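Asks: Here it is, the structure in full.
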Amino acid sequence: MTAGGNSFKRWFRRGPWENGATVTIALGVFMLMQSFSHFLFSQSLTVILTGTIGFVIVSHFPE
Amino acid sequence: MTDRTAASIADRAAAATPAGLTRRVRGLSDRAIAWLFIAPTIVLLLAINIFPLIWTVYLSFTNYRANRPGRVIDWVGTRNYERLLGSEDVWEYMQATAHFVSWTMIIQVILGLGLALLINKNFKGAGFWTTIILIPMMLSPAVVGTFWTYLYQPQTGIFSYIINAFVEVGPIDMIGSPGLAPWSIIIVDTWMWTPYIMLLSLAGLRSIPDYLYEAAEIDRANTWQKFWHITLPRVMPFLMLAVLFRGIENFKMFDMVVELTSGGPGSITELASINLKREAFEKWRTGYASAFAVILFVTVFGLGNIYVKALNRVKQ
């Protein structure tokens, strides 16, 4: 195994990235449905979309 | 059946197959045959699910109106999305949806887990009561919505009658009152879907091995400690799964609420999906409604990813 391959495996592990994407989706859904800031509501789709696309990508990372 | 008989049947079947067909099938690899079987399903899936999805995404960037088929369709870019996410009304519909989803989840989890703990005691007649409790879940949401409108009638409905038996407050207009209407749909959804949460919680409770409780007994743990340190952590993945599943379903809730309140009084119970239907099939703003549908789809898809992750955790 090359040093580059090891470094990739160390940084791009599925678990933490998947957790990050999950938190982003949950944050986006919260922003969409909260009742105190219209600005958060208007940005919610971007956040959910980022989290969802991120989730699809990181779910292909190695364990 | 002996091997000789089986071989004879196979030989006769091979002999009955037309010669041309035999050659063609023998020429295909296992992979090709597998594709041959899967292809009709994939074609159906593409035609019924994937094509409408892609078409909706395309329409969400246009000013298309389905009631004016001859009109030229203009590309409007992200204008529909900007109008939706900048609208105070849409924000209110999302808040109505959030109120409905969050309260149904909180109440159903508490009641569902409580019922599961009771049923898990295996008292006499537990099977009978489990069946009775599960009945509402088996009914159609449209039927449930219709008969609860009768139960909620202020003058003749049994709901008002029962409340007045405990507290003298006069006729209660659950569906017509702006303060009570959001709770009327929460009560009906809770009545219908608490059994589902109970069922999943019961599966979690039945998976807990007895030796954990026996060890806790030896350590002189009290009932609360056993519940907090053994029961709840073991049932939690099942509860998470139930909450995610019901949360997604309630986010898309349409039929039961339309039958009960039609989004009223005013627009107090107008959930996102009800407004989406109004925009698409009453105001005929198809492009705008498509953008709304895409927003709801992305949200449900995102929640679905979390759901699959939770499911994998339960499997482990």
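For the structure tokens, the naming scheme is as follows: chains receive sequential letters (A, B, ...) according to their order of presentation, residues are indexed from 1 within each chain, and ligands are indexed from 1 in presentation order.
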Which residues of chain B are close to chain A, meaning at most 9 Å apart when you count only C-alpha atoms, and how do they look as a PyMOL selection string?
Replies: chain B and resi 82+84-88+91-92+94-99+295+298-299+301-303+305-306+309
Asks: Step one, run DSSP on the backbone; step two, keep only residues of stretch 195-290 of chain B assigned to alpha helix (DSSP H); then write them as number ranges by chain.
Replies: B: 195-206, 210-218, 223-226, 232-251, 255-260, 272-281, 286-290
Asks: To one decimal in Å, tell me the separation between atom CA of B:Ile106 and atom CA of B:Pro178.
Replies: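 Answer for the atom CA of B:Ile106 to atom CA of B:Pro178 separation: 21.7 Å.
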Asks: Considering only C-alpha atoms, return as JSON, numbers by chain whatever protein or nucleic-acid residues lie within 12 Å of B:Val243, sequence-local ones (same chain, fewer than 3 positions apart) excluded.
Replies: {"B": [101, 102, 103, 104, 105, 106, 107, 108, 109, 110, 112, 113, 193, 194, 196, 197, 198, 200, 201, 236, 237, 238, 239, 240, 246, 247, 248, 249, 250, 251, 303, 304, 306, 307, 310, 311]}
Asks: Can those selected residues be exported to a file as a short mmCIF file (atom, residue, chain, number, x, y, z; two decimals), in the first residue's frame so that it contains N, CA and C atoms?
Replies:
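Final output, saved to out18.cif:
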data_model
loop_
_atom_site.label_atom_id
_atom_site.label_comp_id
_atom_site.auth_asym_id
_atom_site.auth_seq_id
_atom_site.Cartn_x
_atom_site.Cartn_y
_atom_site.Cartn_z
N VAL B 101 -46.03 17.19 12.62
CA VAL B 101 -45.05 16.09 12.67
C VAL B 101 -44.47 15.96 14.08
N SER B 102 -44.04 17.10 14.68
CA SER B 102 -43.34 16.99 15.96
C SER B 102 -44.27 16.51 17.08
N TRP B 103 -45.52 17.07 17.15
CA TRP B 103 -46.41 16.64 18.24
C TRP B 103 -46.89 15.20 18.08
N THR B 104 -47.16 14.80 16.82
CA THR B 104 -47.58 13.39 16.63
C THR B 104 -46.46 12.45 17.06
N MET B 105 -45.22 12.82 16.73
CA MET B 105 -44.09 11.94 17.07
C MET B 105 -43.91 11.84 18.58
N ILE B 106 -43.95 12.99 19.27
CA ILE B 106 -43.74 13.00 20.73
C ILE B 106 -44.82 12.16 21.42
N ILE B 107 -46.09 12.45 21.08
CA ILE B 107 -47.19 11.75 21.77
C ILE B 107 -47.19 10.25 21.43
N GLN B 108 -46.97 9.95 20.15
CA GLN B 108 -47.03 8.54 19.73
C GLN B 108 -45.90 7.71 20.34
N VAL B 109 -44.71 8.32 20.48
CA VAL B 109 -43.60 7.57 21.07
C VAL B 109 -43.89 7.26 22.54
N ILE B 110 -44.40 8.27 23.27
CA ILE B 110 -44.69 8.04 24.70
C ILE B 110 -45.78 6.98 24.85
N GLY B 112 -46.91 4.80 22.54
CA GLY B 112 -46.53 3.53 21.91
C GLY B 112 -45.62 2.71 22.80
N LEU B 113 -44.62 3.39 23.39
CA LEU B 113 -43.69 2.67 24.28
C LEU B 113 -44.41 2.20 25.54
N TRP B 193 -51.90 5.73 14.44
CA TRP B 193 -50.55 5.22 14.24
C TRP B 193 -49.75 4.89 15.50
N THR B 194 -50.31 5.14 16.69
CA THR B 194 -49.61 4.70 17.92
C THR B 194 -49.39 3.18 17.91
N TYR B 196 -48.53 1.31 15.58
CA TYR B 196 -47.32 1.00 14.79
C TYR B 196 -46.05 1.17 15.64
N ILE B 197 -46.02 2.28 16.39
CA ILE B 197 -44.88 2.53 17.29
C ILE B 197 -44.84 1.43 18.36
N MET B 198 -46.05 1.06 18.85
CA MET B 198 -46.13 0.00 19.86
C MET B 198 -45.56 -1.31 19.33
N LEU B 200 -43.34 -1.85 16.91
CA LEU B 200 -41.88 -1.83 16.77
C LEU B 200 -41.20 -1.85 18.14
N SER B 201 -41.79 -1.11 19.11
CA SER B 201 -41.22 -1.11 20.47
C SER B 201 -41.29 -2.51 21.07
N MET B 236 -34.16 1.75 21.96
CA MET B 236 -33.92 3.02 21.27
C MET B 236 -33.74 2.89 19.75
N PRO B 237 -32.92 1.94 19.24
CA PRO B 237 -32.80 1.84 17.77
C PRO B 237 -34.13 1.56 17.08
N PHE B 238 -34.98 0.76 17.72
CA PHE B 238 -36.30 0.46 17.15
C PHE B 238 -37.19 1.70 17.17
N LEU B 239 -37.09 2.46 18.27
CA LEU B 239 -37.87 3.69 18.37
C LEU B 239 -37.42 4.71 17.33
N MET B 240 -36.09 4.80 17.14
CA MET B 240 -35.53 5.73 16.15
C MET B 240 -36.09 5.41 14.76
N ARG B 246 -42.35 7.14 10.60
CA ARG B 246 -43.59 7.88 10.77
C ARG B 246 -43.38 9.37 10.49
N GLY B 247 -42.19 9.88 10.82
CA GLY B 247 -41.88 11.29 10.53
C GLY B 247 -41.95 11.57 9.05
N ILE B 248 -41.36 10.69 8.25
CA ILE B 248 -41.38 10.86 6.79
C ILE B 248 -42.82 10.77 6.28
N GLU B 249 -43.57 9.77 6.79
CA GLU B 249 -44.96 9.60 6.35
C GLU B 249 -45.81 10.82 6.70
N ASN B 250 -45.63 11.36 7.93
CA ASN B 250 -46.43 12.50 8.35
C ASN B 250 -46.01 13.77 7.64
N PHE B 251 -44.76 13.85 7.24
CA PHE B 251 -44.29 15.00 6.45
C PHE B 251 -45.04 15.07 5.13
N LEU B 303 -34.09 12.63 4.49
CA LEU B 303 -34.52 11.89 5.69
C LEU B 303 -34.45 10.38 5.44
N GLY B 304 -34.72 9.99 4.21
CA GLY B 304 -34.64 8.57 3.84
C GLY B 304 -33.23 8.03 4.01
N ILE B 306 -31.07 9.06 6.21
CA ILE B 306 -30.88 8.88 7.66
C ILE B 306 -31.60 7.60 8.10
N TYR B 307 -32.78 7.37 7.52
CA TYR B 307 -33.59 6.20 7.85
C TYR B 307 -32.82 4.92 7.53
N ALA B 310 -30.09 4.38 10.01
CA ALA B 310 -30.65 3.88 11.29
C ALA B 310 -30.99 2.40 11.17
N LEU B 311 -31.51 2.03 10.00
CA LEU B 311 -31.90 0.64 9.75
C LEU B 311 -30.68 -0.27 9.83
#
Asks: Using only C-alpha atoms, can you tell me which of B:Ala16, B:Ile38, B:Val143, B:Ile48 comes closest to B:Met256?
Replies: B:Val143
Asks: Quick one: everything within 9 Å of stretch 53-68 of chain B, counting only C-alpha atoms, minus sequence neighbours fewer than 2 positions away in the same chain. Send it as a PyMOL selection string.
Replies: chain B and resi 48-51+70-81+280-281+284-294
Asks: At a cut-off of 8 Å, using only C-alpha atoms, what residues contact A:Glu63? Leave out same-chain residues fewer than 2 positions from it and give the result as a ChimeraX atom specification.
Replies: /A:13-15,61
Asks: With C-alpha atoms retained, could you export that selection as a compact mmCIF listing (two decimals), in the first residue's frame?
Replies:
# COMPACT_ATOMS: atom_id res chain seq x y z
CA ARG A 13 -13.38 7.05 6.12
CA ARG A 14 -17.10 6.53 5.64
CA GLY A 15 -18.21 6.71 9.31
CA PHE A 61 -16.03 5.83 0.84
Asks: How many Å separate atom CA of B:Met174 from atom CA of B:Pro154?
Replies: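 Between atom CA of B:Met174 and atom CA of B:Pro154 the gap works out to 7.4 Å.
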Asks: Quick one: pull the distance between atom CA of B:Val300 and atom CA of B:Lys252, Å, one decimal.
Replies: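 About the pair atom CA of B:Val300 and atom CA of B:Lys252: they are 8.4 Å apart.
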Asks: Report as a PyMOL selection string all protein, DNA and RNA residues lying within 9 Å of B:Gly170, evaluated on only C-alpha atoms, omitting residues in the same chain fewer than 6 positions from it.
Replies: chain B and resi 154+160-161+164
Asks: Given only C-alpha atoms as the basis, pick out the residue of B:Glu168, B:Glu217, B:Asp30, B:Asp89 nearest to B:Ile268.
Replies: B:Asp89
